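**Q** My file is start.pdb. It has PDB, C-alpha atoms and all ligand atoms:
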```
ATOM      1  CA  MET A 144       0.000   0.000   0.000  1.00  0.00           C
ATOM      2  CA  LYS A 145       1.458   3.315  -1.134  1.00  0.00           C
ATOM      3  CA  MET A 146      -0.537   6.042   0.477  1.00  0.00           C
ATOM      4  CA  ILE A 147      -0.670   9.748   1.230  1.00  0.00           C
ATOM      5  CA  LEU A 148      -2.188  11.496   4.242  1.00  0.00           C
ATOM      6  CA  LEU A 149      -3.491  14.961   3.341  1.00  0.00           C
ATOM      7  CA  GLY A 150      -4.758  17.573   5.773  1.00  0.00           C
ATOM      8  CA  ALA A 151      -3.891  20.905   7.336  1.00  0.00           C
ATOM      9  CA  PRO A 152      -0.967  21.237   9.739  1.00  0.00           C
ATOM     10  CA  GLY A 153      -2.236  19.900  13.061  1.00  0.00           C
ATOM     11  CA  ALA A 154      -5.048  17.863  11.499  1.00  0.00           C
ATOM     12  CA  GLY A 155      -3.510  14.715  12.986  1.00  0.00           C
ATOM     13  CA  LYS A 156      -1.612  13.252  10.045  1.00  0.00           C
ATOM     14  CA  GLY A 157       1.369  12.314  12.201  1.00  0.00           C
ATOM     15  CA  THR A 158      -0.774  10.589  14.837  1.00  0.00           C
ATOM     16  CA  GLN A 159      -2.768   8.584  12.286  1.00  0.00           C
ATOM     17  CA  ALA A 160       0.396   7.706  10.372  1.00  0.00           C
ATOM     18  CA  GLU A 161       1.976   6.274  13.539  1.00  0.00           C
ATOM     19  CA  ARG A 162      -1.075   4.033  14.031  1.00  0.00           C
ATOM     20  CA  LEU A 163      -1.421   2.990  10.397  1.00  0.00           C
ATOM     21  CA  CYS A 164       2.220   2.099   9.870  1.00  0.00           C
ATOM     22  CA  LYS A 165       2.066  -0.393  12.769  1.00  0.00           C
ATOM     23  CA  VAL A 166      -1.042  -2.080  11.355  1.00  0.00           C
ATOM     24  CA  LEU A 167       0.186  -2.107   7.756  1.00  0.00           C
ATOM     25  CA  ASN A 168       3.819  -2.792   8.671  1.00  0.00           C
ATOM     26  CA  ILE A 169       5.196  -0.161   6.292  1.00  0.00           C
ATOM     27  CA  PRO A 170       7.258   2.944   7.081  1.00  0.00           C
ATOM     28  CA  THR A 171       5.902   6.450   7.557  1.00  0.00           C
ATOM     29  CA  ILE A 172       7.789   9.112   5.701  1.00  0.00           C
ATOM     30  CA  SER A 173       7.421  12.580   7.177  1.00  0.00           C
ATOM     31  CA  THR A 174       9.226  15.335   5.305  1.00  0.00           C
ATOM     32  CA  GLY A 175       8.803  17.515   8.415  1.00  0.00           C
ATOM     33  CA  ASN A 176      10.786  14.996  10.500  1.00  0.00           C
ATOM     34  CA  ILE A 177      13.409  14.466   7.788  1.00  0.00           C
ATOM     35  CA  LEU A 178      13.888  18.239   7.431  1.00  0.00           C
ATOM     36  CA  ARG A 179      14.062  18.848  11.194  1.00  0.00           C
ATOM     37  CA  ALA A 180      16.771  16.171  11.471  1.00  0.00           C
ATOM     38  CA  ALA A 181      18.633  17.757   8.548  1.00  0.00           C
ATOM     39  CA  VAL A 182      18.499  21.181  10.251  1.00  0.00           C
ATOM     40  CA  LYS A 183      19.718  19.715  13.534  1.00  0.00           C
ATOM     41  CA  ASN A 184      22.613  17.943  11.815  1.00  0.00           C
ATOM     42  CA  GLY A 185      23.495  21.009   9.736  1.00  0.00           C
ATOM     43  CA  THR A 186      23.397  19.155   6.394  1.00  0.00           C
ATOM     44  CA  PRO A 187      23.213  21.114   3.092  1.00  0.00           C
ATOM     45  CA  THR A 188      19.481  20.278   2.865  1.00  0.00           C
ATOM     46  CA  GLY A 189      19.000  21.507   6.431  1.00  0.00           C
ATOM     47  CA  LYS A 190      20.733  24.793   5.629  1.00  0.00           C
ATOM     48  CA  GLN A 191      18.458  25.309   2.610  1.00  0.00           C
ATOM     49  CA  ALA A 192      15.305  24.525   4.601  1.00  0.00           C
ATOM     50  CA  GLU A 193      15.854  26.187   7.973  1.00  0.00           C
ATOM     51  CA  ALA A 194      14.711  29.782   7.337  1.00  0.00           C
ATOM     52  CA  TYR A 195      11.528  28.661   5.536  1.00  0.00           C
ATOM     53  CA  MET A 196      10.598  26.298   8.351  1.00  0.00           C
ATOM     54  CA  LYS A 197      11.086  28.900  11.094  1.00  0.00           C
ATOM     55  CA  ALA A 198       8.837  31.299   9.183  1.00  0.00           C
ATOM     56  CA  GLY A 199       6.113  28.676   8.677  1.00  0.00           C
ATOM     57  CA  LYS A 200       6.666  28.840   4.910  1.00  0.00           C
ATOM     58  CA  LEU A 201       6.943  25.944   2.500  1.00  0.00           C
ATOM     59  CA  VAL A 202      10.440  24.735   1.690  1.00  0.00           C
ATOM     60  CA  PRO A 203      11.052  25.055  -2.108  1.00  0.00           C
ATOM     61  CA  ASP A 204       9.721  22.195  -4.227  1.00  0.00           C
ATOM     62  CA  GLU A 205      13.176  21.228  -5.617  1.00  0.00           C
ATOM     63  CA  VAL A 206      14.471  20.608  -2.087  1.00  0.00           C
ATOM     64  CA  ILE A 207      11.446  18.496  -1.132  1.00  0.00           C
ATOM     65  CA  ILE A 208      11.494  16.505  -4.363  1.00  0.00           C
ATOM     66  CA  GLY A 209      15.174  15.694  -3.756  1.00  0.00           C
ATOM     67  CA  VAL A 210      14.507  14.572  -0.172  1.00  0.00           C
ATOM     68  CA  ILE A 211      11.565  12.383  -1.085  1.00  0.00           C
ATOM     69  CA  SER A 212      13.126  10.716  -4.134  1.00  0.00           C
ATOM     70  CA  GLU A 213      16.152   9.753  -2.051  1.00  0.00           C
ATOM     71  CA  ARG A 214      13.985   8.356   0.746  1.00  0.00           C
ATOM     72  CA  LEU A 215      11.638   6.380  -1.547  1.00  0.00           C
ATOM     73  CA  ALA A 216      14.638   4.685  -3.180  1.00  0.00           C
ATOM     74  CA  GLU A 217      15.533   2.961   0.118  1.00  0.00           C
ATOM     75  CA  ALA A 218      14.835  -0.750   0.580  1.00  0.00           C
ATOM     76  CA  ASP A 219      12.172  -0.426   3.302  1.00  0.00           C
ATOM     77  CA  CYS A 220       9.887   1.587   0.991  1.00  0.00           C
ATOM     78  CA  GLN A 221       9.637  -0.943  -1.803  1.00  0.00           C
ATOM     79  CA  LYS A 222       6.475  -2.733  -0.626  1.00  0.00           C
ATOM     80  CA  GLY A 223       4.710   0.386   0.572  1.00  0.00           C
ATOM     81  CA  PHE A 224       4.788   3.551   2.659  1.00  0.00           C
ATOM     82  CA  ILE A 225       2.677   6.275   4.214  1.00  0.00           C
ATOM     83  CA  LEU A 226       3.528   9.838   3.231  1.00  0.00           C
ATOM     84  CA  ASP A 227       2.864  12.365   5.998  1.00  0.00           C
ATOM     85  CA  GLY A 228       3.206  16.018   5.016  1.00  0.00           C
ATOM     86  CA  VAL A 229       4.200  15.470   1.422  1.00  0.00           C
ATOM     87  CA  PRO A 230       3.129  16.336  -1.277  1.00  0.00           C
ATOM     88  CA  ARG A 231       2.148  19.858  -0.212  1.00  0.00           C
ATOM     89  CA  THR A 232       1.959  21.504  -3.656  1.00  0.00           C
ATOM     90  CA  ILE A 233       0.813  20.502  -7.161  1.00  0.00           C
ATOM     91  CA  PRO A 234       4.420  20.430  -8.517  1.00  0.00           C
ATOM     92  CA  GLN A 235       5.381  18.045  -5.664  1.00  0.00           C
ATOM     93  CA  ALA A 236       2.418  15.787  -6.506  1.00  0.00           C
ATOM     94  CA  GLU A 237       3.359  15.763 -10.190  1.00  0.00           C
ATOM     95  CA  ALA A 238       6.977  14.905  -9.377  1.00  0.00           C
ATOM     96  CA  LEU A 239       5.825  12.122  -7.028  1.00  0.00           C
ATOM     97  CA  ASP A 240       3.576  10.665  -9.731  1.00  0.00           C
ATOM     98  CA  LYS A 241       6.698  10.277 -11.879  1.00  0.00           C
ATOM     99  CA  MET A 242       8.517   8.362  -9.113  1.00  0.00           C
ATOM    100  CA  VAL A 243       5.890   5.866  -7.892  1.00  0.00           C
ATOM    101  CA  LYS A 244       2.288   4.750  -8.339  1.00  0.00           C
ATOM    102  CA  ILE A 245       0.216   5.992  -5.395  1.00  0.00           C
ATOM    103  CA  ASP A 246      -2.695   3.694  -4.387  1.00  0.00           C
ATOM    104  CA  LYS A 247      -4.756   5.794  -1.967  1.00  0.00           C
ATOM    105  CA  VAL A 248      -5.009   9.303  -0.550  1.00  0.00           C
ATOM    106  CA  ILE A 249      -6.751  10.004   2.763  1.00  0.00           C
ATOM    107  CA  ASP A 250      -7.807  13.560   3.581  1.00  0.00           C
ATOM    108  CA  LEU A 251      -8.227  14.473   7.264  1.00  0.00           C
ATOM    109  CA  GLU A 252     -10.798  17.275   7.541  1.00  0.00           C
ATOM    110  CA  VAL A 253     -10.505  19.539  10.604  1.00  0.00           C
ATOM    111  CA  SER A 254     -11.722  23.152  11.011  1.00  0.00           C
ATOM    112  CA  ASP A 255      -9.199  25.988  11.348  1.00  0.00           C
ATOM    113  CA  GLU A 256     -10.534  26.847  14.848  1.00  0.00           C
ATOM    114  CA  ALA A 257     -10.013  23.300  16.099  1.00  0.00           C
ATOM    115  CA  ILE A 258      -6.518  23.270  14.619  1.00  0.00           C
ATOM    116  CA  ILE A 259      -5.495  26.501  16.337  1.00  0.00           C
ATOM    117  CA  ALA A 260      -6.764  25.135  19.670  1.00  0.00           C
ATOM    118  CA  ARG A 261      -4.944  21.830  19.203  1.00  0.00           C
ATOM    119  CA  MET A 262      -1.609  23.257  18.109  1.00  0.00           C
ATOM    120  CA  SER A 263      -1.144  25.345  21.233  1.00  0.00           C
ATOM    121  CA  GLY A 264      -1.064  22.108  23.290  1.00  0.00           C
ATOM    122  CA  ARG A 265       1.137  20.110  20.968  1.00  0.00           C
ATOM    123  CA  ARG A 266       4.546  18.898  22.154  1.00  0.00           C
ATOM    124  CA  VAL A 267       7.090  16.856  20.238  1.00  0.00           C
ATOM    125  CA  CYS A 268      10.041  14.694  21.246  1.00  0.00           C
ATOM    126  CA  GLU A 269      13.347  16.421  20.563  1.00  0.00           C
ATOM    127  CA  LYS A 270      15.008  13.091  19.909  1.00  0.00           C
ATOM    128  CA  CYS A 271      12.614  10.838  17.914  1.00  0.00           C
ATOM    129  CA  GLY A 272       9.918  13.259  16.672  1.00  0.00           C
ATOM    130  CA  SER A 273       6.938  11.473  18.331  1.00  0.00           C
ATOM    131  CA  SER A 274       4.101  13.900  19.028  1.00  0.00           C
ATOM    132  CA  TYR A 275       1.976  14.406  22.156  1.00  0.00           C
ATOM    133  CA  HIS A 276      -0.688  16.804  23.427  1.00  0.00           C
ATOM    134  CA  LEU A 277      -1.088  18.421  26.847  1.00  0.00           C
ATOM    135  CA  LEU A 278      -4.792  17.393  26.895  1.00  0.00           C
ATOM    136  CA  TYR A 279      -5.483  14.741  24.254  1.00  0.00           C
ATOM    137  CA  LYS A 280      -2.381  12.567  24.074  1.00  0.00           C
ATOM    138  CA  LYS A 281      -0.407  12.824  27.282  1.00  0.00           C
ATOM    139  CA  PRO A 282       2.908  11.004  27.677  1.00  0.00           C
ATOM    140  CA  ALA A 283       3.161   8.504  30.568  1.00  0.00           C
ATOM    141  CA  VAL A 284       5.478  10.934  32.390  1.00  0.00           C
ATOM    142  CA  GLU A 285       4.989  14.699  31.957  1.00  0.00           C
ATOM    143  CA  GLY A 286       7.563  16.269  29.630  1.00  0.00           C
ATOM    144  CA  VAL A 287       9.164  12.927  28.725  1.00  0.00           C
ATOM    145  CA  CYS A 288       8.762  10.905  25.494  1.00  0.00           C
ATOM    146  CA  THR A 289       7.069   7.553  26.203  1.00  0.00           C
ATOM    147  CA  ASN A 290       8.710   6.123  23.110  1.00  0.00           C
ATOM    148  CA  CYS A 291      12.373   6.981  23.727  1.00  0.00           C
ATOM    149  CA  GLY A 292      12.741   8.986  26.967  1.00  0.00           C
ATOM    150  CA  GLY A 293      13.625  12.210  25.085  1.00  0.00           C
ATOM    151  CA  THR A 294      12.559  15.691  26.206  1.00  0.00           C
ATOM    152  CA  LEU A 295       9.220  17.073  24.924  1.00  0.00           C
ATOM    153  CA  VAL A 296       9.282  20.603  23.496  1.00  0.00           C
ATOM    154  CA  GLN A 297       6.961  23.043  21.695  1.00  0.00           C
ATOM    155  CA  ARG A 298       8.031  23.630  18.120  1.00  0.00           C
ATOM    156  CA  LYS A 299       8.625  27.275  17.122  1.00  0.00           C
ATOM    157  CA  ASP A 300       6.225  26.805  14.228  1.00  0.00           C
ATOM    158  CA  ASP A 301       3.414  25.747  16.616  1.00  0.00           C
ATOM    159  CA  HIS A 302       3.136  29.262  18.067  1.00  0.00           C
ATOM    160  CA  PRO A 303      -0.302  30.828  17.252  1.00  0.00           C
ATOM    161  CA  ASP A 304       0.805  33.500  14.713  1.00  0.00           C
ATOM    162  CA  THR A 305       2.886  30.984  12.815  1.00  0.00           C
ATOM    163  CA  VAL A 306      -0.035  28.535  12.878  1.00  0.00           C
ATOM    164  CA  LYS A 307      -2.292  31.115  11.192  1.00  0.00           C
ATOM    165  CA  ASP A 308       0.332  31.671   8.482  1.00  0.00           C
ATOM    166  CA  ARG A 309       0.669  27.928   7.958  1.00  0.00           C
ATOM    167  CA  LEU A 310      -3.115  27.530   7.624  1.00  0.00           C
ATOM    168  CA  ARG A 311      -3.184  30.247   4.971  1.00  0.00           C
ATOM    169  CA  VAL A 312      -0.398  28.483   3.067  1.00  0.00           C
ATOM    170  CA  TYR A 313      -2.318  25.201   3.411  1.00  0.00           C
ATOM    171  CA  HIS A 314      -5.532  26.633   1.931  1.00  0.00           C
ATOM    172  CA  GLU A 315      -3.653  28.283  -0.953  1.00  0.00           C
ATOM    173  CA  GLN A 316      -1.147  25.610  -1.915  1.00  0.00           C
ATOM    174  CA  THR A 317      -2.072  22.223  -0.444  1.00  0.00           C
ATOM    175  CA  GLU A 318      -5.872  22.109  -0.499  1.00  0.00           C
ATOM    176  CA  PRO A 319      -5.921  21.991  -4.344  1.00  0.00           C
ATOM    177  CA  LEU A 320      -4.357  18.510  -4.024  1.00  0.00           C
ATOM    178  CA  LYS A 321      -7.753  17.140  -2.973  1.00  0.00           C
ATOM    179  CA  GLU A 322      -9.092  17.888  -6.431  1.00  0.00           C
ATOM    180  CA  TYR A 323      -5.881  16.622  -8.040  1.00  0.00           C
ATOM    181  CA  TYR A 324      -6.272  13.182  -6.427  1.00  0.00           C
ATOM    182  CA  GLU A 325     -10.058  13.133  -6.695  1.00  0.00           C
ATOM    183  CA  LYS A 326      -9.649  13.400 -10.469  1.00  0.00           C
ATOM    184  CA  GLN A 327      -7.351  10.369 -10.316  1.00  0.00           C
ATOM    185  CA  GLY A 328     -10.022   8.469  -8.321  1.00  0.00           C
ATOM    186  CA  LYS A 329      -7.659   7.974  -5.344  1.00  0.00           C
ATOM    187  CA  LEU A 330      -9.102  10.304  -2.690  1.00  0.00           C
TER     188      LEU A 330
HETATM  189  P1  LIG B 401       2.985  19.603  10.397  1.00  0.00           P
HETATM  190  O1  LIG B 401       3.185  18.163  10.753  1.00  0.00           O
HETATM  191  O2  LIG B 401       2.695  20.470  11.541  1.00  0.00           O
HETATM  192  O3  LIG B 401       2.030  19.766   9.240  1.00  0.00           O
HETATM  193  P2  LIG B 401       5.553  19.294   9.242  1.00  0.00           P
HETATM  194  O4  LIG B 401       6.286  18.708  10.382  1.00  0.00           O
HETATM  195  O5  LIG B 401       5.014  18.396   8.195  1.00  0.00           O
HETATM  196  O6  LIG B 401       4.383  20.172   9.837  1.00  0.00           O
HETATM  197  O7  LIG B 401       6.480  20.361   8.511  1.00  0.00           O
HETATM  198  C1  LIG B 401       7.198  21.372   9.214  1.00  0.00           C
HETATM  199  C2  LIG B 401       7.763  22.371   8.217  1.00  0.00           C
HETATM  200  O8  LIG B 401       8.637  21.709   7.305  1.00  0.00           O
HETATM  201  C3  LIG B 401       6.709  23.021   7.324  1.00  0.00           C
HETATM  202  O9  LIG B 401       6.114  24.144   7.939  1.00  0.00           O
HETATM  203  C4  LIG B 401       7.531  23.392   6.097  1.00  0.00           C
HETATM  204  O10 LIG B 401       8.308  24.550   6.326  1.00  0.00           O
HETATM  205  C5  LIG B 401       8.475  22.203   5.976  1.00  0.00           C
HETATM  206  N1  LIG B 401       7.908  21.136   5.116  1.00  0.00           N
HETATM  207  C6  LIG B 401       7.639  19.844   5.469  1.00  0.00           C
HETATM  208  N2  LIG B 401       7.147  19.134   4.437  1.00  0.00           N
HETATM  209  C7  LIG B 401       7.121  19.980   3.384  1.00  0.00           C
HETATM  210  C8  LIG B 401       6.704  19.864   2.019  1.00  0.00           C
HETATM  211  N3  LIG B 401       6.214  18.704   1.545  1.00  0.00           N
HETATM  212  N4  LIG B 401       6.811  20.959   1.227  1.00  0.00           N
HETATM  213  C9  LIG B 401       7.303  22.124   1.685  1.00  0.00           C
HETATM  214  N5  LIG B 401       7.701  22.313   2.952  1.00  0.00           N
HETATM  215  C10 LIG B 401       7.615  21.265   3.802  1.00  0.00           C
HETATM  216 ZN    ZN B 402      11.101  10.268  21.606  1.00  0.00          ZN
END
```
How would this structure read if it were set down as structure tokens?
Ligand code: ADP
Ligand code: ZN

**A**
Amino acid sequence: MKMILLGAPGAGKGTQAERLCKVLNIPTISTGNILRAAVKNGTPTGKQAEAYMKAGKLVPDEVIIGVISERLAEADCQKGFILDGVPRTIPQAEALDKMVKIDKVIDLEVSDEAIIARMSGRRVCEKCGSSYHLLYKKPAVEGVCTNCGGTLVQRKDDHPDTVKDRLRVYHEQTEPLKEYYEKQGKL
């Protein structure tokens, strides 16, 4: 199964992907996690992406297409994968269609108000990227990742003003993908 999770930032793509990949026994590929690791490690990709990410803007398509084509070429992706947070633009979707045949696309629909409320409580593990919520998905021990013991932090791009910017970008650039995949009969 080669599938894509669509939805606004904070819609719950990461949470659903974590559940689905266990059931389906295929990897989740999150460009957000790959890019955050690249920034942390100071790789060339990380240096290209950092300023865009801090501002809540989309990283340029060429950078994303490079990241994703490299990742999909790895052995663990050959029988299937779940894409979380990619594609985010029509050019990314077109490039992806040239790399692999996508089977299904799931769109998670959540209102902007609910997203803004959710994001303020979101915390992520510094070390492994697992996500938690102060109200809805508490870790076993406050401030500590249940998965790996890492420290839980609030991402800079989860602050309310940045969230509003990211929602605007989502409506302008990513929402058109629903129609793109609906036309292919995959939504
Ligand atoms: P969320 O899970 O909250 O939707 P992500 O973790 O997927 O956010 O992404 C964090 C940031 O990384 C984005 O705000 C953007 O700057 C960058 N990013 C991740 N994936 C993409 C993509 N497919 N295209 C462009 N930018 C991306
Ligand atoms: Zn962790």

**Q** Please evaluate the PyMOL selection byres (((not hetatm)) within 9 of (chain B and resi 402)) against the displayed coordinates and give the resulting residues as a PyMOL selection string.

**A** chain A and resi 267-274+287-295

**Q** What do you get, as a PyMOL selection string, if you spell out every residue that the PyMOL selection byres (((chain A and resi 323) around 12) and not hetatm) selects here?

**A** chain A and resi 149+230-237+240+248+316-322+324-330

**Q** Would you list the residues near (15.0, 16.0, -3.2) (no more than 12 Å away, in the coordinates of the file, using only C-alpha atoms) as a PyMOL selection string?

**A** chain A and resi 174+177-178+187-189+191-192+202-216+229+235+238-239+242

**Q** Write out as JSON an axis-aligned box for region 259-275 of chain A: all of its atoms listed in the file, 6 Å added on each side, centre and edge lengths in Å with one decimal.

**A**
```
{"center_x": 4.1, "center_y": 18.7, "center_z": 19.8, "size_x": 33.8, "size_y": 27.7, "size_z": 19.0}
```

**Q** Could you please determine the separation between atom C9 of ligand LIG 401 (chain B) and CA of Lys200 (chain A) in Å, to one decimal place?

**A** 7.5 Å

**Q** As an exercise, work out the distance from CA of Pro303 (chain A) to atom O9 of ligand LIG 401 (chain B) in Å and give it to one decimal place.

**A**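 CA of Pro303 (chain A) sits 13.1 Å away from atom O9 of ligand LIG 401 (chain B).
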
**Q** Pick the closest to ligand LIG 401 (chain B) from A:Asp219, A:Glu256, A:Glu285, A:Asp227: which is it, counting all atoms listed in the file?

**A**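 Selected residue with least distance to ligand LIG 401 (chain B): A:Asp227.
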
**Q** At what distance in Å, to one decimal, does CA of Pro170 (chain A) lie from atom C10 of ligand LIG 401 (chain B)?

**A**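 Result for atom C10 of ligand LIG 401 (chain B) versus CA of Pro170 (chain A): 18.6 Å, one decimal.
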
**Q** Kindly extract all protein, DNA and RNA residues lying within 9 Å of the coordinates (-5.4, 24.8, 15.5) given in the file, considering all atoms listed in the file, and supply them as a ChimeraX atom specification.

**A** /A:152-154,253-263,301,303,306-307,310

**Q** Kindly indicate which residue among A:Val312, A:Val284, A:Met146, A:Ile249 lies nearest to ligand LIG 401 (chain B), using all atoms listed in the file for the distances.

**A**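 For ligand LIG 401 (chain B), the nearest of the candidates is A:Val312.
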
**Q** Check the smallest atom-to-atom distance from each of A:Lys280, A:Lys247, A:Lys156, A:Lys183 to ligand LIG 401 (chain B) using only C-alpha atoms and all ligand atoms, then report the winner.

**A**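 Smallest separation from ligand LIG 401 (chain B) among the options: A:Lys156.
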
**Q** Given the choices A:Glu217, A:Asp300, A:Glu252, A:Glu315, which gets closest to ligand LIG 401 (chain B) if the distance is worked out from only C-alpha atoms and all ligand atoms?

**A**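 Closest to ligand LIG 401 (chain B) of all the choices is A:Asp300.
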